[in-house]
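Data block for start.cif (mmCIF, C-alpha atoms):
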```cif
data_input
loop_
_atom_site.label_atom_id
_atom_site.label_comp_id
_atom_site.auth_asym_id
_atom_site.auth_seq_id
_atom_site.Cartn_x
_atom_site.Cartn_y
_atom_site.Cartn_z
CA MET Q 1 -11.59 -6.60 -7.83
CA VAL Q 2 -8.02 -7.36 -8.85
CA VAL Q 3 -5.14 -6.31 -6.61
CA GLU Q 4 -1.65 -6.20 -8.11
CA PHE Q 5 1.62 -5.56 -6.28
CA LEU Q 6 3.47 -2.91 -8.28
CA GLY Q 7 6.32 -3.00 -5.78
CA THR Q 8 7.10 -4.87 -2.57
CA GLY Q 9 10.49 -3.48 -1.54
CA THR Q 10 11.64 -1.19 1.21
CA SER Q 11 12.92 2.39 0.72
CA HIS Q 12 16.12 1.34 -1.10
CA GLY Q 13 14.44 -1.17 -3.40
CA ILE Q 14 16.21 -4.43 -4.27
CA PRO Q 15 18.89 -4.64 -5.52
CA VAL Q 16 20.21 -1.86 -3.30
CA VAL Q 17 22.60 0.58 -4.95
CA GLY Q 18 26.19 -0.41 -4.16
CA CYS Q 19 25.24 -3.58 -2.28
CA SER Q 20 27.06 -6.85 -2.91
CA CYS Q 21 24.92 -9.11 -0.70
CA PRO Q 22 23.59 -12.41 -2.12
CA VAL Q 23 19.98 -11.20 -2.22
CA CYS Q 24 20.88 -8.11 -4.25
CA HIS Q 25 22.69 -10.39 -6.73
CA SER Q 26 19.95 -13.01 -6.83
CA GLN Q 27 18.73 -14.13 -10.26
CA ASP Q 28 15.29 -14.97 -8.86
CA PRO Q 29 12.92 -12.26 -10.19
CA LYS Q 30 10.96 -12.50 -6.93
CA ASP Q 31 14.02 -11.08 -5.14
CA GLN Q 32 14.01 -7.96 -7.34
CA ARG Q 33 11.69 -5.46 -5.71
CA TYR Q 34 10.57 -1.97 -6.68
CA ARG Q 35 9.44 0.41 -3.94
CA ALA Q 36 6.12 -0.58 -2.33
CA SER Q 37 2.95 0.28 -4.24
CA LEU Q 38 -0.41 -1.36 -4.95
CA LEU Q 39 -2.72 -1.30 -7.97
CA ILE Q 40 -6.46 -1.91 -7.58
CA ARG Q 41 -8.72 -2.59 -10.55
CA GLY Q 42 -12.48 -2.56 -10.00
CA ASN Q 43 -15.07 -4.89 -11.47
CA THR Q 44 -16.32 -2.20 -13.87
CA GLY Q 45 -12.98 -0.84 -15.05
CA GLU Q 46 -11.91 1.39 -12.15
CA CYS Q 47 -8.14 1.77 -11.77
CA CYS Q 48 -6.50 3.24 -8.65
CA VAL Q 49 -3.07 3.07 -7.06
CA ILE Q 50 -1.87 3.31 -3.49
CA ASP Q 51 1.42 5.26 -3.43
CA THR Q 52 3.52 6.47 -6.34
CA GLY Q 53 7.11 5.57 -5.58
CA PRO Q 54 10.21 6.42 -7.65
CA GLU Q 55 9.63 3.53 -10.10
CA PHE Q 56 5.99 4.38 -10.79
CA ARG Q 57 6.58 4.88 -14.53
CA LEU Q 58 8.19 1.44 -14.86
CA GLN Q 59 5.55 -0.15 -12.65
CA ALA Q 60 2.70 1.37 -14.68
CA ILE Q 61 4.19 0.17 -17.96
CA ARG Q 62 4.72 -3.34 -16.61
CA ALA Q 63 1.16 -3.50 -15.27
CA GLY Q 64 -0.33 -2.10 -18.48
CA ILE Q 65 -2.04 0.86 -16.82
CA GLN Q 66 -4.00 2.73 -19.51
CA HIS Q 67 -5.89 5.13 -17.28
CA LEU Q 68 -6.02 6.09 -13.63
CA ASP Q 69 -9.02 7.21 -11.60
CA ALA Q 70 -7.33 8.22 -8.33
CA VAL Q 71 -4.18 8.02 -6.24
CA PHE Q 72 -4.26 7.17 -2.53
CA LEU Q 73 -1.20 7.96 -0.42
CA THR Q 74 -0.09 6.32 2.82
CA HIS Q 75 2.45 9.04 3.69
CA ALA Q 76 4.95 11.42 2.12
CA HIS Q 77 8.26 9.57 2.42
CA ALA Q 78 10.17 9.60 -0.88
CA ASP Q 79 9.75 5.89 -1.57
CA HIS Q 80 5.96 6.32 -1.51
CA LEU Q 81 5.55 9.68 -3.24
CA HIS Q 82 8.38 10.71 -5.52
CA GLY Q 83 7.04 9.10 -8.70
CA LEU Q 84 3.98 11.36 -8.65
CA ASP Q 85 5.14 13.41 -11.65
CA ASP Q 86 4.79 10.29 -13.81
CA VAL Q 87 1.00 10.44 -13.64
CA ARG Q 88 1.28 13.21 -16.27
CA PRO Q 89 0.13 11.11 -19.26
CA LEU Q 90 -2.68 9.66 -17.14
CA SER Q 91 -4.02 13.10 -16.19
CA VAL Q 92 -3.97 14.85 -19.58
CA HIS Q 93 -7.74 14.72 -20.10
CA THR Q 94 -9.04 14.61 -16.54
CA PRO Q 95 -7.33 15.86 -13.36
CA LEU Q 96 -6.59 13.16 -10.81
CA ASN Q 97 -7.70 13.29 -7.21
CA VAL Q 98 -4.77 12.47 -4.94
CA PHE Q 99 -5.97 11.52 -1.46
CA GLY Q 100 -3.92 11.63 1.73
CA ASN Q 101 -4.01 12.91 5.28
CA ARG Q 102 -3.25 16.54 6.07
CA PRO Q 103 0.54 16.16 6.68
CA THR Q 104 0.94 14.14 3.48
CA ILE Q 105 -0.94 16.61 1.29
CA HIS Q 106 1.02 19.49 2.87
CA GLU Q 107 4.31 17.76 2.02
CA LEU Q 108 3.08 17.00 -1.50
CA THR Q 109 2.26 20.64 -2.23
CA GLU Q 110 5.68 21.73 -0.97
CA ARG Q 111 7.79 19.16 -2.82
CA PHE Q 112 5.79 19.41 -6.04
CA SER Q 113 5.16 23.15 -5.79
CA TYR Q 114 5.76 23.62 -9.54
CA ILE Q 115 2.50 21.78 -10.20
CA PHE Q 116 0.48 24.50 -8.51
CA ARG Q 117 2.08 27.69 -9.89
CA GLU Q 118 1.82 29.27 -13.31
CA THR Q 119 4.75 28.37 -15.54
CA GLN Q 120 5.75 28.83 -19.16
CA ILE Q 121 4.12 26.87 -21.96
CA GLY Q 122 5.81 23.54 -22.52
CA GLY Q 123 7.25 21.13 -20.00
CA GLY Q 124 4.15 19.25 -18.97
CA LYS Q 125 2.93 19.01 -15.41
CA PRO Q 126 0.62 16.43 -13.85
CA ARG Q 127 -2.92 17.65 -13.39
CA ILE Q 128 -3.83 16.65 -9.85
CA ILE Q 129 -6.29 17.72 -7.19
CA PRO Q 130 -4.77 17.23 -3.71
CA THR Q 131 -7.60 16.04 -1.47
CA ILE Q 132 -7.36 15.73 2.29
CA LEU Q 133 -9.03 12.64 3.70
CA ASP Q 134 -8.03 12.81 7.33
CA PRO Q 135 -9.89 10.63 9.85
CA GLU Q 136 -9.71 11.72 13.45
CA TRP Q 137 -7.12 9.91 15.50
CA PRO Q 138 -8.24 7.98 18.60
CA GLU Q 139 -6.30 10.29 20.93
CA HIS Q 140 -8.09 13.29 19.42
CA LYS Q 141 -11.67 12.25 20.06
CA GLN Q 142 -13.71 10.52 22.72
CA GLN Q 143 -15.64 8.14 20.51
CA HIS Q 144 -14.77 6.35 17.30
CA THR Q 145 -17.37 5.40 14.73
CA THR Q 146 -16.81 2.93 11.92
CA GLU Q 147 -19.63 4.44 9.83
CA ASP Q 148 -18.43 7.99 9.20
CA PRO Q 149 -19.38 8.77 5.57
CA GLU Q 150 -16.82 11.58 5.42
CA ALA Q 151 -13.99 9.15 6.18
CA SER Q 152 -14.40 7.15 2.96
CA VAL Q 153 -14.40 7.85 -0.76
CA SER Q 154 -15.99 5.87 -3.58
CA ILE Q 155 -14.41 5.41 -7.00
CA GLY Q 156 -17.09 3.67 -9.02
CA GLY Q 157 -17.80 0.44 -7.18
CA LEU Q 158 -14.62 0.66 -5.08
CA ARG Q 159 -14.78 2.13 -1.60
CA PHE Q 160 -11.59 3.38 0.06
CA THR Q 161 -11.51 3.97 3.81
CA PRO Q 162 -8.42 5.52 5.46
CA LEU Q 163 -7.00 3.55 8.39
CA PRO Q 164 -5.03 5.51 11.01
CA VAL Q 165 -1.76 3.73 11.87
CA TYR Q 166 1.64 4.74 13.26
CA HIS Q 167 4.96 4.80 11.40
CA GLY Q 168 7.17 5.41 14.41
CA ARG Q 169 5.77 8.69 15.75
CA LEU Q 170 4.24 9.65 12.42
CA HIS Q 171 0.49 9.52 11.82
CA ILE Q 172 0.08 7.77 8.46
CA LEU Q 173 -2.69 5.92 6.67
CA GLY Q 174 -3.41 2.38 5.68
CA TRP Q 175 -6.30 1.81 3.29
CA LEU Q 176 -9.29 -0.52 3.40
CA VAL Q 177 -10.61 -1.27 -0.09
CA GLU Q 178 -14.07 -2.79 -0.50
CA GLU Q 179 -16.10 -3.94 -3.48
CA ALA Q 180 -19.15 -6.20 -3.75
CA GLY Q 181 -18.71 -7.57 -0.24
CA ARG Q 182 -14.95 -8.13 -0.57
CA ARG Q 183 -12.49 -6.47 1.83
CA CYS Q 184 -8.76 -5.91 1.35
CA ALA Q 185 -6.59 -3.88 3.73
CA TYR Q 186 -3.20 -2.41 2.85
CA LEU Q 187 -0.94 -1.49 5.80
CA THR Q 188 2.64 -0.66 4.91
CA ASP Q 189 5.34 1.11 6.96
CA VAL Q 190 3.45 0.34 10.14
CA SER Q 191 4.92 0.05 13.64
CA GLN Q 192 1.71 0.25 15.70
CA ILE Q 193 -2.00 -0.12 14.99
CA PRO Q 194 -4.55 1.62 17.25
CA LYS Q 195 -7.24 -0.66 18.62
CA GLU Q 196 -9.87 1.45 16.86
CA THR Q 197 -8.24 0.62 13.53
CA LEU Q 198 -8.02 -3.06 14.42
CA LEU Q 199 -11.82 -3.06 14.74
CA LEU Q 200 -12.03 -2.04 11.09
CA LEU Q 201 -9.98 -5.07 10.04
CA ALA Q 202 -12.60 -7.68 10.87
CA GLN Q 203 -13.60 -10.21 8.20
CA LEU Q 204 -10.89 -9.31 5.71
CA ASP Q 205 -10.43 -11.37 2.59
CA ILE Q 206 -6.86 -10.13 2.22
CA LEU Q 207 -4.53 -8.35 4.63
CA ILE Q 208 -1.37 -6.86 3.13
CA ILE Q 209 1.02 -5.78 5.83
CA GLY Q 210 4.55 -4.39 5.94
CA ALA Q 211 7.15 -6.66 7.53
CA LEU Q 212 10.66 -5.35 7.08
CA ARG Q 213 12.83 -8.18 8.47
CA LYS Q 214 13.28 -10.53 11.44
CA LEU Q 215 15.10 -7.98 13.62
CA PRO Q 216 13.07 -5.27 15.37
CA HIS Q 217 12.97 -1.80 13.83
CA PRO Q 218 11.80 1.45 15.45
CA THR Q 219 9.38 2.42 12.66
CA HIS Q 220 8.43 -0.85 10.95
CA PHE Q 221 6.91 -4.14 11.99
CA SER Q 222 9.27 -7.11 12.04
CA PHE Q 223 8.14 -10.46 10.64
CA ASP Q 224 6.99 -11.64 14.06
CA GLN Q 225 5.10 -8.42 14.85
CA ALA Q 226 3.27 -8.61 11.52
CA LEU Q 227 2.44 -12.27 12.19
CA ASP Q 228 1.02 -11.28 15.59
CA ILE Q 229 -1.37 -8.89 13.82
CA ILE Q 230 -2.31 -11.59 11.32
CA ASN Q 231 -3.07 -13.98 14.19
CA LEU Q 232 -5.21 -11.30 15.83
CA VAL Q 233 -7.13 -10.19 12.74
CA ARG Q 234 -7.46 -13.62 11.08
CA PRO Q 235 -7.94 -12.63 7.44
CA ARG Q 236 -8.65 -15.28 4.80
CA GLN Q 237 -5.21 -14.62 3.34
CA ALA Q 238 -2.26 -12.42 4.28
CA TYR Q 239 0.75 -11.13 2.38
CA LEU Q 240 3.94 -9.49 3.63
CA THR Q 241 5.30 -6.46 1.79
CA HIS Q 242 7.88 -3.66 2.17
CA LEU Q 243 10.58 -6.30 2.52
CA CYS Q 244 14.29 -5.51 2.84
CA HIS Q 245 17.28 -7.32 1.32
CA ASP Q 246 18.12 -9.43 4.36
CA TYR Q 247 16.31 -12.50 3.04
CA PHE Q 248 15.63 -14.31 -0.21
CA HIS Q 249 11.97 -14.70 -1.15
CA THR Q 250 12.32 -18.46 -0.60
CA ALA Q 251 13.92 -17.93 2.84
CA ILE Q 252 10.92 -15.86 3.98
CA PHE Q 253 8.63 -18.68 2.87
CA GLU Q 254 10.72 -21.14 4.89
CA TYR Q 255 10.59 -18.90 7.97
CA LEU Q 256 6.79 -18.66 7.75
CA LEU Q 257 6.54 -22.45 7.51
CA GLU Q 258 8.80 -22.79 10.56
CA GLN Q 259 6.39 -20.53 12.45
CA GLY Q 260 3.48 -22.80 11.53
CA PHE Q 261 1.90 -20.70 8.77
CA SER Q 262 0.67 -22.46 5.65
CA GLN Q 263 1.86 -20.91 2.38
CA ASN Q 264 -1.78 -20.74 1.34
CA TYR Q 265 -2.48 -18.52 4.34
CA VAL Q 266 0.54 -16.23 4.75
CA ALA Q 267 3.12 -15.55 2.05
CA PRO Q 268 5.69 -12.93 1.06
CA ALA Q 269 4.35 -10.84 -1.80
CA TYR Q 270 6.43 -10.19 -4.90
CA ASP Q 271 6.35 -7.60 -7.67
CA GLY Q 272 3.70 -8.42 -10.26
CA LEU Q 273 1.67 -10.75 -8.04
CA ARG Q 274 -2.06 -10.43 -8.81
CA LEU Q 275 -4.88 -11.42 -6.49
CA MET Q 276 -8.48 -11.70 -7.62
CA LEU Q 277 -11.45 -11.18 -5.32
CA GLU Q 278 -14.67 -12.17 -7.05
CA PRO Q 279 -18.01 -10.77 -5.85
CA LEU Q 280 -19.54 -12.82 -3.06
CA SER Q 281 -22.60 -13.46 -5.19
CA GLU Q 282 -20.44 -15.18 -7.82
CA ARG Q 283 -17.99 -17.24 -5.81
CA HIS Q 284 -17.04 -17.81 -2.21
CA GLY Q 285 -13.32 -17.53 -1.40
CA THR Q 286 -10.37 -15.81 -3.04
CA THR Q 287 -8.18 -16.84 -5.91
CA ALA Q 288 -4.56 -15.79 -5.55
CA GLY Q 289 -1.85 -15.46 -8.15
CA VAL Q 290 -4.15 -14.80 -11.13
#
```

This structure in structure tokens:
Amino acid sequence: MVVEFLGTGTSHGIPVVGCSCPVCHSQDPKDQRYRASLLIRGNTGECCVIDTGPEFRLQAIRAGIQHLDAVFLTHAHADHLHGLDDVRPLSVHTPLNVFGNRPTIHELTERFSYIFRETQIGGGKPRIIPTILDPEWPEHKQQHTTEDPEASVSIGGLRFTPLPVYHGRLHILGWLVEEAGRRCAYLTDVSQIPKETLLLLAQLDILIIGALRKLPHPTHFSFDQALDIINLVRPRQAYLTHLCHDYFHTAIFEYLLEQGFSQNYVAPAYDGLRLMLEPLSERHGTTAGV
């Protein structure tokens, strides 16, 4: 399994339109961030993305995406959804399943209503199949099981399990991706994680978690809150994403070192970063930055 960061920025992206701050004028390519999105390639050619933000076309070209097997959505905010139309050339021959929870799929069908109604010939539309994958929330049931077959979907050898998390008051999804014994979790735009979801984050090879900035925010983890989760979950490696323009990439590295985190353990992600997780039967450990 290869995981590639298509984008690691917050809702504005970096540089921010109209901003004259030093980070937005940085010449370091690691400070230039598209909206947050993740590409997952499976060991036998599977290709899936988590979120299709406004730069999806540019991200797909840069990553060399030739086909797409499925789209998994965390939520319906514009910076995570509004590039969906650009899956058109990837859905010409086979319709794409687009997975999300019930509120997300409802928003999708409203904002992209033209996809689902008959229109004149010409002017292509993406061919998608909106698919609700909506695990029960802890407050809505008495018992939580980690082995509910209806709460996961398999794309070839990749298994995607939705992870209930909070984005302020919103119920959104993180995603656990598994292949050949490897486990990677993607949690962006998170401000609180239910204990039932934390149980699903045991023995992770990679944890990717949103960490907006140092200062607290009502709907996003700060650096320190994300680091608290990393300390609790103890993955083999962790990466921060959905980063704003308050800090240079190098400054985030320095802050993590000040907090006692090795750069081989916790690091800020950057656009284009690739992480390889080889099957357990072939090699023990992860190789980052492939």

Determine, using only C-alpha atoms, which residues of stretch 23-68 of chain Q have any atom at most 10 Å from an atom of stretch 178-197 of chain Q, and tabulate each with its shortest atom pair and distance in Å to one decimal place, rows ordered by chain and then rising number, as a Markdown table.
```
| residue | atom | partner | partner_atom | distance |
| --- | --- | --- | --- | --- |
| Q:Ala36 | CA | Q:Thr188 | CA | 8.0 |
| Q:Ser37 | CA | Q:Thr188 | CA | 9.2 |
| Q:Leu38 | CA | Q:Tyr186 | CA | 8.4 |
| Q:Gly42 | CA | Q:Glu179 | CA | 7.6 |
| Q:Asn43 | CA | Q:Glu179 | CA | 8.1 |
| Q:Ile50 | CA | Q:Tyr186 | CA | 8.6 |
```

Across Q:Thr131, Q:Ser113, Q:Thr219, Q:Gln237, the smallest distance to Q:Leu204, with all atoms listed in the file counted, is shown by Q:Gln237

Using only C-alpha atoms, find the one residue out of Q:Thr52, Q:Thr104, Q:Thr10, Q:Ser26 that sits nearest to Q:His75. Q:Thr104

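Relative to atom CA of Q:Asp224, atom CA of Q:Leu212 is found at 10.1 Å.
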
How would you write, as a PyMOL selection string, the residues chosen by the PyMOL selection byres ((chain Q and resi 251) around 12) on this structure? chain Q and resi 23+30-31+213-214+245-250+252-258+267-268

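Shell of Q:Asp79 at 9 Å, with only C-alpha atoms counted and residues fewer than 3 places along the chain excluded, is Thr10, Ser11, His12, Gly13, Arg35, Ala36, Asp51, Thr52, Gly53, Pro54, Glu55, Ala76, His82 and Gly83 of chain Q.
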
Determine the residue set returned by the PyMOL selection byres ((chain Q and resi 150-158) around 8) for the present structure, and present it as a list in words. Gly42, Asn43, Thr44, Glu46, Asp69, Ala70, Leu133, Asp134, Pro135, Asp148, Pro149, Arg159, Phe160, Thr161, Pro162, Val177, Glu178, Glu179 and Ala180 of chain Q

Which residue gives the smallest distance to Q:Trp175 among Q:Leu232, Q:Ile40, Q:Leu227, Q:Val17, with all atoms listed in the file counted? Q:Ile40

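Here the PyMOL selection byres ((chain Q and resi 210) around 6) captures the residues Q:Thr188, Q:Asp189, Q:Ile209, Q:Ala211, Q:Leu240, Q:Thr241, Q:His242.
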
Using the file's own x, y and z axes, what box holds all listed atoms of stretch 67-79 of chain Q with 5 Å on each side, keeping edges along x, y and z, and what are its centre and edge lengths in Å to one decimal, as lines of an AutoDock Vina configuration file?
```
center_x = 0.6
center_y = 8.3
center_z = -6.8
size_x = 29.2
size_y = 16.3
size_z = 31.0
```

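Of the listed residues Q:Leu108, Q:Leu200, Q:Cys244, Q:Ile208, the one whose atoms come nearest to Q:Leu73 is Q:Leu108, with distances taken using all atoms listed in the file.
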
Pairwise distance, atom CA of Q:Phe99 with atom CA of Q:Gln66, equals 20.2 Å

Place a sphere of radius 12 Å on (-1.7, 13.1, -16.5) in the file coordinates and name every protein, DNA or RNA residue with an atom inside or on its surface, counting only C-alpha atoms; give the answer as a PyMOL selection string. chain Q and resi 57+66-71+84-98+115+124-129

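When all atoms listed in the file are used to measure the gap to Q:Ile206, the shortest distance among Q:Asn264, Q:Arg111, Q:Pro29, Q:Tyr239 belongs to Q:Tyr239.
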
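The gap separating atom CA of Q:Thr109 from atom CA of Q:Leu6 is 24.3 Å, in Å to one decimal.
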
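Taking only C-alpha atoms into account, Q:Gln203 lies nearest to Q:Val233 out of the set Q:Ile121, Q:Ile65, Q:Val16, Q:Val233.
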